[in-house]
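Student: Got a file for you: run-v4.txt, compact mmCIF, C-alpha atoms.
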# COMPACT_ATOMS: atom_id res chain seq x y z
CA MET A 1 0.00 0.00 0.00
CA THR A 2 1.38 3.42 -0.92
CA THR A 3 1.38 6.22 1.61
CA ASP A 4 -0.67 8.57 -0.58
CA ILE A 5 -3.84 6.50 -0.05
CA LEU A 6 -3.38 6.06 3.72
CA PRO A 7 -5.38 8.40 5.97
CA SER A 8 -3.34 11.38 7.08
CA GLY A 9 -2.29 11.10 10.72
CA SER A 10 -3.19 7.42 11.00
CA PRO A 11 -0.74 4.96 12.58
CA ASP A 12 -0.33 3.21 9.23
CA ARG A 13 0.49 6.46 7.44
CA LEU A 14 2.89 7.62 10.15
CA ARG A 15 4.57 4.21 10.21
CA ALA A 16 5.00 4.22 6.43
CA ASP A 17 6.44 7.74 6.50
CA MET A 18 8.85 6.78 9.30
CA ILE A 19 10.06 3.74 7.39
CA ALA A 20 10.54 5.78 4.23
CA LYS A 21 12.68 8.25 6.19
CA LEU A 22 14.73 5.45 7.80
CA LYS A 23 15.38 3.89 4.39
CA GLN A 24 16.25 7.24 2.83
CA ASP A 25 18.82 7.87 5.57
CA ALA A 26 20.17 4.29 5.24
CA TRP A 27 19.30 3.28 8.81
CA ILE A 28 17.13 0.51 7.39
CA ARG A 29 19.32 -1.45 4.98
CA SER A 30 17.67 -4.87 4.71
CA PRO A 31 14.21 -6.21 3.87
CA GLU A 32 14.10 -8.13 7.17
CA VAL A 33 14.44 -5.01 9.29
CA GLU A 34 12.03 -3.10 7.04
CA THR A 35 9.43 -5.83 7.42
CA ALA A 36 9.82 -5.80 11.21
CA PHE A 37 9.23 -2.05 11.36
CA THR A 38 6.24 -2.44 9.06
CA ARG A 39 4.59 -5.03 11.30
CA VAL A 40 5.28 -3.75 14.82
CA PRO A 41 2.58 -1.30 16.07
CA ARG A 42 4.92 1.16 17.75
CA GLU A 43 2.08 3.19 19.26
CA GLN A 44 1.01 0.23 21.41
CA PHE A 45 4.31 0.40 23.28
CA ALA A 46 4.09 4.17 23.85
CA PRO A 47 0.45 4.88 24.77
CA GLU A 48 1.45 8.04 26.69
CA ALA A 49 3.02 9.63 23.61
CA PRO A 50 1.22 11.38 20.75
CA LEU A 51 1.21 9.28 17.57
CA ALA A 52 3.48 11.74 15.81
CA ALA A 53 6.07 11.43 18.59
CA ALA A 54 5.88 7.63 18.64
CA TYR A 55 6.61 7.54 14.92
CA SER A 56 9.21 10.30 14.70
CA ALA A 57 12.33 8.73 13.17
CA GLN A 58 14.62 10.85 15.36
CA ASP A 59 12.86 11.05 18.73
CA VAL A 60 13.12 9.04 21.93
CA VAL A 61 9.92 8.36 23.88
CA ILE A 62 10.48 8.68 27.64
CA THR A 63 8.40 6.10 29.53
CA LYS A 64 9.61 6.66 33.11
CA ARG A 65 11.46 9.37 35.02
CA GLY A 66 13.20 9.29 38.37
CA PRO A 67 12.56 11.64 41.31
CA ASP A 68 15.02 14.13 39.79
CA GLY A 69 13.06 14.24 36.54
CA ARG A 70 15.67 12.42 34.49
CA ALA A 71 14.68 9.50 32.28
CA THR A 72 15.11 6.01 33.72
CA SER A 73 13.39 4.14 30.90
CA SER A 74 12.61 4.96 27.29
CA ILE A 75 11.90 3.64 23.82
CA SER A 76 14.94 4.37 21.66
CA ALA A 77 14.66 6.51 18.56
CA PRO A 78 13.72 4.44 15.49
CA TRP A 79 16.94 5.36 13.64
CA LEU A 80 19.02 3.90 16.45
CA GLN A 81 16.84 0.81 16.83
CA ALA A 82 17.15 0.15 13.10
CA ASP A 83 20.91 0.68 13.10
CA MET A 84 21.42 -1.70 16.02
CA LEU A 85 19.19 -4.37 14.48
CA GLU A 86 21.04 -4.13 11.19
CA SER A 87 24.37 -4.34 13.02
CA ALA A 88 23.27 -7.48 14.89
CA GLN A 89 22.62 -9.27 11.57
CA LEU A 90 19.71 -11.25 12.98
CA ARG A 91 18.26 -14.19 11.08
CA PRO A 92 15.22 -16.48 11.43
CA GLY A 93 15.66 -18.94 14.30
CA ALA A 94 18.28 -16.82 16.10
CA LYS A 95 18.49 -16.71 19.89
CA VAL A 96 18.75 -13.13 21.14
CA LEU A 97 19.33 -11.49 24.51
CA GLU A 98 18.11 -7.93 25.00
CA VAL A 99 19.44 -6.02 28.02
CA GLY A 100 16.98 -3.28 28.92
CA SER A 101 13.28 -3.79 28.26
CA GLY A 102 10.71 -1.53 26.72
CA GLY A 103 8.79 -4.04 24.64
CA CYS A 104 8.99 -2.31 21.26
CA ASN A 105 12.56 -3.36 20.42
CA ALA A 106 11.90 -6.92 21.63
CA ALA A 107 8.90 -7.04 19.27
CA LEU A 108 11.10 -5.94 16.36
CA ILE A 109 13.61 -8.66 17.24
CA ALA A 110 10.83 -11.25 17.52
CA GLU A 111 9.55 -10.34 14.06
CA ILE A 112 12.98 -10.97 12.55
CA VAL A 113 13.88 -14.20 14.36
CA GLY A 114 10.39 -15.64 13.85
CA PRO A 115 8.58 -18.47 15.66
CA ASP A 116 11.68 -20.70 15.74
CA GLY A 117 13.79 -18.02 17.41
CA LEU A 118 14.21 -17.05 21.06
CA VAL A 119 14.01 -13.54 22.51
CA VAL A 120 14.93 -12.96 26.17
CA THR A 121 14.64 -9.40 27.45
CA VAL A 122 15.94 -8.50 30.93
CA ASP A 123 15.37 -5.40 33.05
CA ILE A 124 15.99 -4.57 36.70
CA ASP A 125 12.87 -2.39 37.11
CA PRO A 126 9.58 -4.22 37.83
CA PHE A 127 7.63 -1.27 36.40
CA VAL A 128 9.44 -1.72 33.11
CA THR A 129 9.14 -5.52 32.90
CA GLU A 130 5.44 -5.53 33.83
CA ARG A 131 4.74 -2.92 31.21
CA ALA A 132 6.85 -4.68 28.56
CA ALA A 133 5.23 -8.09 29.19
CA ARG A 134 1.74 -6.59 29.07
CA PHE A 135 2.31 -4.62 25.87
CA LEU A 136 4.09 -7.53 24.15
CA ALA A 137 1.18 -9.86 24.90
CA GLN A 138 -1.37 -7.30 23.71
CA ALA A 139 0.55 -6.75 20.47
CA GLY A 140 0.84 -10.49 19.74
CA TYR A 141 4.42 -11.12 20.93
CA GLY A 142 3.68 -13.22 24.01
CA GLN A 143 6.50 -15.60 23.05
CA VAL A 144 9.09 -13.04 24.17
CA LYS A 145 10.53 -14.05 27.55
CA VAL A 146 10.52 -11.04 29.86
CA VAL A 147 12.84 -11.44 32.86
CA LEU A 148 12.96 -9.24 35.97
CA GLY A 149 16.50 -9.03 37.31
CA ASP A 150 19.92 -7.41 37.13
CA ALA A 151 21.17 -8.39 33.68
CA GLU A 152 24.76 -8.56 34.93
CA HIS A 153 23.78 -11.81 36.66
CA ALA A 154 20.24 -12.75 35.55
CA ALA A 155 21.04 -13.05 31.85
CA GLY A 156 23.24 -16.09 32.43
CA GLU A 157 20.35 -18.00 33.99
CA HIS A 158 18.38 -17.85 30.74
CA THR A 159 21.15 -18.56 28.22
CA PRO A 160 20.54 -21.47 25.82
CA SER A 161 23.13 -24.24 25.85
CA SER A 162 24.57 -23.09 22.53
CA GLY A 163 24.75 -19.44 23.65
CA PHE A 164 23.01 -16.40 22.24
CA ASP A 165 23.46 -15.61 18.56
CA ALA A 166 23.14 -11.92 19.34
CA ILE A 167 23.14 -9.68 22.40
CA ILE A 168 21.59 -6.23 22.01
CA VAL A 169 21.99 -3.80 24.90
CA THR A 170 19.52 -0.91 25.02
CA VAL A 171 20.81 0.89 28.11
CA GLY A 172 24.04 2.79 28.54
CA VAL A 173 26.64 0.51 30.17
CA TRP A 174 30.19 1.01 31.40
CA ASP A 175 31.26 -2.63 31.07
CA VAL A 176 30.42 -5.73 29.01
CA PRO A 177 30.01 -8.83 31.23
CA TRP A 178 28.11 -10.88 28.63
CA GLY A 179 30.83 -11.98 26.19
CA HIS A 180 30.88 -15.54 27.55
CA LEU A 181 27.15 -15.88 26.79
CA LEU A 182 27.69 -15.34 23.06
CA ALA A 183 27.62 -18.26 20.63
CA PRO A 184 30.58 -18.69 18.23
CA GLY A 185 30.12 -16.22 15.40
CA GLY A 186 27.61 -14.17 17.39
CA ARG A 187 27.48 -10.41 17.72
CA MET A 188 27.04 -8.02 20.62
CA VAL A 189 25.65 -4.53 19.97
CA VAL A 190 26.48 -2.43 23.02
CA PRO A 191 26.25 1.31 23.83
CA LEU A 192 29.43 1.49 25.89
CA ARG A 193 30.63 4.36 28.08
CA PHE A 194 34.32 5.17 28.47
CA SER A 195 35.67 8.37 29.98
CA THR A 196 32.06 9.74 29.85
CA ILE A 197 31.89 9.18 26.04
CA SER A 198 29.18 6.89 24.65
CA ARG A 199 29.46 4.89 21.44
CA SER A 200 27.33 2.02 20.22
CA PHE A 201 29.72 -0.79 19.16
CA THR A 202 29.15 -4.02 17.30
CA PHE A 203 31.51 -6.50 18.97
CA ILE A 204 32.58 -9.66 17.12
CA ARG A 205 34.95 -12.26 18.54
CA ASP A 206 38.54 -12.38 17.27
CA GLY A 207 40.49 -14.97 19.25
CA ASP A 208 40.76 -13.89 22.88
CA HIS A 209 39.18 -10.48 22.32
CA PHE A 210 36.37 -8.69 20.48
CA LEU A 211 36.71 -6.21 17.65
CA GLY A 212 34.53 -3.13 18.05
CA LEU A 213 32.97 -2.25 14.70
CA ASN A 214 30.92 0.73 13.53
CA PRO A 215 31.09 2.98 16.62
CA THR A 216 28.01 5.19 16.47
CA VAL A 217 27.49 8.34 18.52
CA CYS A 218 24.51 7.69 20.77
CA GLY A 219 22.87 8.35 24.09
CA PHE A 220 20.99 5.90 26.30
CA VAL A 221 19.35 5.83 29.69
CA PRO A 222 22.12 4.62 32.06
CA CYS A 223 21.86 1.12 33.45
CA GLN A 224 21.11 0.40 37.09
CA GLY A 225 22.33 -2.35 39.39
CA ALA A 226 25.81 -3.85 39.55
CA GLY A 227 26.82 -2.38 36.19
CA ARG A 228 25.79 1.21 36.85
CA LEU A 229 28.07 3.97 35.63
CA PRO A 230 30.87 4.94 38.04
CA ASP A 231 30.76 8.63 37.11
CA GLN A 232 31.13 11.48 39.54
CA GLU A 233 28.49 14.08 38.76
CA LEU A 234 27.99 17.55 40.15
CA VAL A 235 25.09 19.94 39.62
CA LEU A 236 26.05 23.62 39.37
CA ALA A 237 24.19 26.91 38.94
CA ASP A 238 21.09 25.64 40.76
CA GLY A 239 20.68 22.74 38.34
CA ALA A 240 21.37 24.51 35.05
CA VAL A 241 24.75 22.84 34.56
CA ARG A 242 26.17 19.38 35.28
CA LEU A 243 29.79 18.23 35.28
CA THR A 244 30.53 14.53 34.79
CA LEU A 245 33.90 12.86 35.39
CA GLU A 246 34.49 9.12 35.28
CA SER A 247 37.56 8.90 37.49
CA GLY A 248 40.03 11.09 39.30
CA PRO A 249 40.03 13.07 42.55
CA ALA A 250 36.81 13.81 44.41
CA LEU A 251 35.17 16.94 43.01
CA ASP A 252 34.54 19.92 45.29
CA GLY A 253 31.01 21.03 44.43
CA ALA A 254 31.11 24.28 46.37
CA ALA A 255 34.44 25.31 44.83
CA LEU A 256 33.29 24.45 41.29
CA ASP A 257 30.00 26.31 41.74
CA GLN A 258 31.91 29.34 43.00
CA ALA A 259 34.33 29.04 40.07
CA LEU A 260 31.50 29.14 37.53
CA ALA A 261 30.25 32.40 39.00
CA GLY A 262 33.74 33.95 38.98
CA ASP A 263 36.15 35.23 36.37
CA ARG A 264 36.93 33.13 33.33
CA THR A 265 39.76 32.63 30.88
CA GLU A 266 38.68 32.63 27.22
CA LEU A 267 40.89 31.39 24.37
CA TRP A 268 40.12 30.90 20.68
CA THR A 269 41.69 28.15 18.61
CA GLY A 270 41.28 29.23 15.00
CA VAL A 271 39.81 25.75 14.36
CA THR A 272 36.41 25.88 12.65
CA SER A 273 33.59 23.55 11.66
CA GLY A 274 30.40 23.95 9.69
CA GLY A 275 28.15 22.59 7.01
CA GLY A 276 27.39 19.41 8.93
CA GLN A 277 31.08 18.54 9.11
CA PRO A 278 31.53 15.98 11.93
CA PHE A 279 33.95 16.59 14.76
CA ASP A 280 33.09 13.75 17.16
CA SER A 281 36.62 12.36 16.81
CA MET A 282 37.79 15.45 18.70
CA HIS A 283 36.20 14.02 21.84
CA LEU A 284 38.01 10.73 21.32
CA TRP A 285 41.35 12.47 20.84
CA ILE A 286 41.03 14.61 23.99
CA ALA A 287 40.01 11.53 26.01
CA THR A 288 43.07 9.75 24.60
CA VAL A 289 45.60 12.25 25.85
CA ASP A 290 44.04 13.74 28.99
CA ASP A 291 42.60 11.77 31.90
CA ARG A 292 40.89 14.92 33.18
CA PHE A 293 38.43 14.61 30.29
CA GLY A 294 34.76 14.70 31.20
CA MET A 295 31.45 16.07 29.98
CA PHE A 296 29.70 19.36 30.57
CA TRP A 297 25.90 19.35 30.29
CA GLN A 298 23.51 22.28 30.11
CA ASP A 299 19.83 21.88 30.91
CA PRO A 300 18.22 22.70 27.54
CA ASP A 301 15.30 24.37 29.29
CA ARG A 302 17.42 26.63 31.49
CA ASP A 303 19.91 29.33 30.57
CA CYS A 304 21.93 30.53 33.55
CA GLY A 305 23.55 33.23 31.39
CA LEU A 306 27.05 32.10 32.36
CA ILE A 307 28.01 29.62 29.65
CA GLN A 308 27.95 28.96 25.92
CA PRO A 309 28.88 25.31 25.36
CA ALA A 310 29.85 24.14 21.89
CA MET A 311 27.05 21.58 21.97
CA ARG A 312 23.66 21.97 23.59
CA TRP A 313 23.36 18.52 25.13
CA TYR A 314 26.92 17.59 26.07
CA CYS A 315 30.30 19.17 25.64
CA PRO A 316 33.94 18.18 26.32
CA VAL A 317 35.48 19.55 29.49
CA LEU A 318 38.69 19.16 31.49
CA ILE A 319 38.01 18.93 35.24
CA THR A 320 40.08 19.05 38.41
CA HIS A 321 38.66 18.99 41.92
CA ASP A 322 38.04 22.76 41.95
CA SER A 323 38.45 24.02 38.35
CA PHE A 324 37.30 23.24 34.81
CA ALA A 325 37.49 24.36 31.19
CA TYR A 326 34.92 23.57 28.52
CA LEU A 327 34.66 23.81 24.73
CA THR A 328 32.75 26.79 23.36
CA ILE A 329 32.00 28.23 19.90
CA ARG A 330 31.54 31.56 18.19
CA GLU A 331 30.77 32.71 14.69
CA PRO A 332 34.11 33.84 13.22
CA HIS A 333 34.68 37.01 11.27
CA ARG A 334 33.07 36.70 7.89
CA ASP A 335 36.28 36.42 5.95
CA GLU A 336 36.26 34.64 2.64
CA GLY A 337 35.12 31.06 3.17
CA ALA A 338 34.20 31.59 6.85
CA GLU A 339 30.48 32.20 6.44
CA GLY A 340 28.37 29.42 7.90
CA ARG A 341 31.23 28.10 10.03
CA TRP A 342 31.91 28.25 13.76
CA GLU A 343 35.19 28.62 15.61
CA PHE A 344 36.04 26.47 18.62
CA GLY A 345 37.27 28.12 21.79
CA THR A 346 37.80 27.23 25.43
CA CYS A 347 36.56 28.81 28.66
CA GLY A 348 38.31 28.12 31.96
CA TYR A 349 37.04 28.72 35.49
CA GLY A 350 38.58 28.38 38.93
CA ARG A 351 42.07 28.36 40.38
CA ALA A 352 43.46 26.17 37.55
CA GLY A 353 41.01 27.43 34.92
CA ALA A 354 43.59 29.26 32.82
CA GLU A 355 45.88 26.22 32.64
CA LEU A 356 42.98 23.92 31.79
CA ALA A 357 41.70 26.30 29.10
CA GLU A 358 45.17 26.39 27.53
CA ARG A 359 45.47 22.60 27.63
CA LEU A 360 42.06 22.10 26.05
CA HIS A 361 42.93 24.75 23.44
CA ASP A 362 46.13 22.86 22.58
CA HIS A 363 44.31 19.51 22.38
CA VAL A 364 41.83 20.95 19.86
CA ARG A 365 44.60 22.38 17.70
CA THR A 366 46.58 19.12 17.80
CA TRP A 367 43.47 17.15 16.81
CA ASP A 368 42.82 19.53 13.92
CA ARG A 369 46.42 19.44 12.69
CA ASP A 370 47.29 15.76 13.15
CA TRP A 371 44.16 13.59 13.57
CA ARG A 372 41.05 15.28 12.24
CA TYR A 373 41.39 13.82 8.75
CA HIS A 374 42.93 10.49 9.76
CA PRO A 375 40.90 7.29 10.05
CA SER A 376 38.95 6.99 13.29
CA PRO A 377 40.59 4.97 16.08
CA VAL A 378 40.21 1.20 16.25
CA PHE A 379 38.57 -0.34 19.34
CA THR A 380 39.15 -3.79 20.80
CA LEU A 381 37.66 -5.33 23.93
CA TYR A 382 39.77 -7.67 26.06
CA PRO A 383 39.02 -9.59 29.26
CA ALA A 384 40.08 -7.79 32.44
CA ASP A 385 42.84 -10.34 33.14
CA ALA A 386 44.34 -10.18 29.63
CA ALA A 387 47.55 -8.35 28.71
CA PRO A 388 46.57 -6.39 25.58
CA PRO A 389 49.32 -4.77 23.52
CA ALA A 390 49.80 -1.15 24.51
CA PRO A 391 48.86 1.15 21.61
CA ALA A 392 51.59 3.44 20.30
CA VAL A 393 48.98 6.20 20.21
CA GLY A 394 45.86 5.44 22.18
CA ARG A 395 44.57 4.54 25.60
CA ILE A 396 43.38 1.50 27.55
CA PHE A 397 40.16 2.00 29.52
CA ARG A 398 40.21 -0.59 32.30
CA LYS A 399 36.91 -1.84 33.68
CA ARG A 400 35.80 -4.62 36.04
CA HIS A 401 35.18 -7.35 33.46
CA THR A 402 36.93 -5.98 30.38
CA GLN A 403 39.48 -3.54 28.98
CA LEU A 404 38.59 -1.31 26.03
CA VAL A 405 41.66 -0.48 23.92
CA MET A 406 41.47 2.59 21.67
CA THR A 407 44.22 2.70 19.03
CA TRP A 408 44.88 5.53 16.56
CA SER A 409 46.57 4.45 13.35
Show me the file's structure as structure tokens.
Tutor:
Amino acid sequence: MTTDILPSGSPDRLRADMIAKLKQDAWIRSPEVETAFTRVPREQFAPEAPLAAAYSAQDVVITKRGPDGRATSSISAPWLQADMLESAQLRPGAKVLEVGSGGCNAALIAEIVGPDGLVVTVDIDPFVTERAARFLAQAGYGQVKVVLGDAEHAAGEHTPSSGFDAIIVTVGVWDVPWGHLLAPGGRMVVPLRFSTISRSFTFIRDGDHFLGLNPTVCGFVPCQGAGRLPDQELVLADGAVRLTLESGPALDGAALDQALAGDRTELWTGVTSGGGQPFDSMHLWIATVDDRFGMFWQDPDRDCGLIQPAMRWYCPVLITHDSFAYLTIREPHRDEGAEGRWEFGTCGYGRAGAELAERLHDHVRTWDRDWRYHPSPVFTLYPADAAPPAPAVGRIFRKRHTQLVMTWS
């Protein structure tokens, strides 16, 4: 059925338009994934959302918030669901573990693996699992096994003897404790945090380690339980700003709040970007060479009038216990070729703010000169007790169960 004869605003019309957009943008790349999106009634898993929001190709649907108002459960944006499903390379009869339950993604998986497949979805929150089981049954996917428990431990109790053919994680995690549950030749699709950066990796086994393919910039609700993120996080300016640091010295909230309200050091790099030109590898480079790297977040609904981060949602920052410097932008002088571009700068606050601003400034210039146009770094995941080769240029992020090695060519 073509979209021009479907009623405007109907679920069928919105679903068809969403799929057309996902195909146009190459998030849907196979007939199996397209068929799954065609058959799954997305609106049944997001009854609190308007139809248009449920079927927006780019938007997340928040299904639960914590006492602080931040999301604790959601339905991922369709583009990201499609990309992860394509990366998992699911087939009929496959056995799949999903970590993090919402119901909608499990239904998409169930459509692809078919009646001979197995779908196990695990979540630590009873609100989430009850909701997912109810919606899956109502939508005709009662065969999906919904498990209440901490996936770090509970997933192993429901693993088939041959292992899972695919593991798809739909919450932000800091570690990957599920590699031993994967069947030979299987794939894990995991949104992994390292040094406060998130990338969705497709991990495939290569001897004693996993290769991390197709790292995709993403954001997910953080996991709870034993695998929760170890980040330090401080709220500044009465909630308008957050600083996040994975490791390092304890942060002094009062000193950092006072620093933000004080004098600042401002430097400009001469490095520009524009026209949709990506610069996400800048984050990776700064995290490679500086263990003070963290993230700076501004509440999109609040403007304290003190900051102008380079990105609205998250922004690189160097942090010490009482000082920080973040990445900012400005429109450069309209010299020839500069129109439509933005220049990166740094702003430093606190006792060590000037030094941090200068260091961040130098990192940006080094990235632009030496690494901006090089291939992206290669990622490998080793067991925690392995002895991976030290990269000539790179960094090893050590975790409880694994070590993530980032290597620049």
Student: When you count only C-alpha atoms, which of these residues is closest to Arg91 of chain A: A:Asp301, A:Asp116, A:Asp68, A:Glu343?
Tutor: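 Once distances to Arg91 of chain A are computed over only C-alpha atoms, the minimum belongs to A:Asp116.
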Student: To one decimal place in Å, what is the distance between atom CA of Phe203 of chain A and atom CA of Ile62 of chain A?
Tutor: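 Distance between the two atoms: 27.3 Å.
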Student: Have a look at A:Val405, A:Val378, A:Glu43, A:Val119 and name the one nearest to Ala390 of chain A; count all atoms listed in the file.
Tutor: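 Residue with the minimum atom-to-atom distance to Ala390 of chain A: A:Val405.
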Student: For the atom pair atom CA of Leu213 of chain A and atom CA of Ser198 of chain A, what is the interatomic distance in Å to one decimal place?
Tutor: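 Answer for the atom CA of Leu213 of chain A to atom CA of Ser198 of chain A separation: 14.0 Å.
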Student: Between atom CA of Gln89 of chain A and atom CA of Gln224 of chain A, what is the distance, to one decimal in Å?
Tutor: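 So the answer is 27.3 Å.
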Student: Let me make sure I understand: among A:Asp208, A:Asp165, A:Asp362, A:Asp231, which one has the smallest atom-to-atom distance to Val189 of chain A if we use only C-alpha atoms?
Tutor: A:Asp165
Student: I'd like to know which of A:Ala240, A:Leu284, A:Leu404, A:Leu327 is closest to Val217 of chain A, using all atoms listed in the file.
Tutor: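 Among the listed residues, A:Leu284 lies closest to Val217 of chain A.
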Student: For Phe201 of chain A, which of A:Tyr314, A:Ala94, A:Ala88, A:Ile319 is the closest residue, counting only C-alpha atoms?
Tutor: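 Using only C-alpha atoms, the shortest distance to Phe201 of chain A belongs to A:Ala88.
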Student: Do you know which residues are at most 12 Å from Asp257 of chain A counting only C-alpha atoms, after dropping those on the same chain fewer than 2 positions away, and could you put them as a list in words?
Tutor: Leu234, Val235, Leu236, Ala237, Asp238, Gly239, Ala240, Val241, Arg242, Leu243, Leu251, Asp252, Gly253, Ala254, Ala255, Ala259, Leu260, Ala261, Gly262, Leu306, His321, Asp322, Ser323, Phe324, Tyr349 and Gly350 of chain A
Student: Go through A:Pro309, A:Pro222, A:Gly275, A:Pro375 and flag the residue nearest Arg341 of chain A, using all atoms listed in the file for the distances.
Tutor: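 Closest residue, counting all atoms listed in the file: A:Gly275.
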Student: For a cut-off of 9 Å around (40.3, 0.2, 30.1), file coordinates, pick out all residues using all atoms listed in the file and list them as a PyMOL selection string.
Tutor: chain A and resi 194+381-382+384+395-400+402-406
Student: Do you know which residues are at most 6 Å from segment 120-134 of chain A counting all atoms listed in the file, after dropping those on the same chain fewer than 5 positions away, and could you put them as an NGL selection string?
Tutor: :A and (97-103 or 145-151)
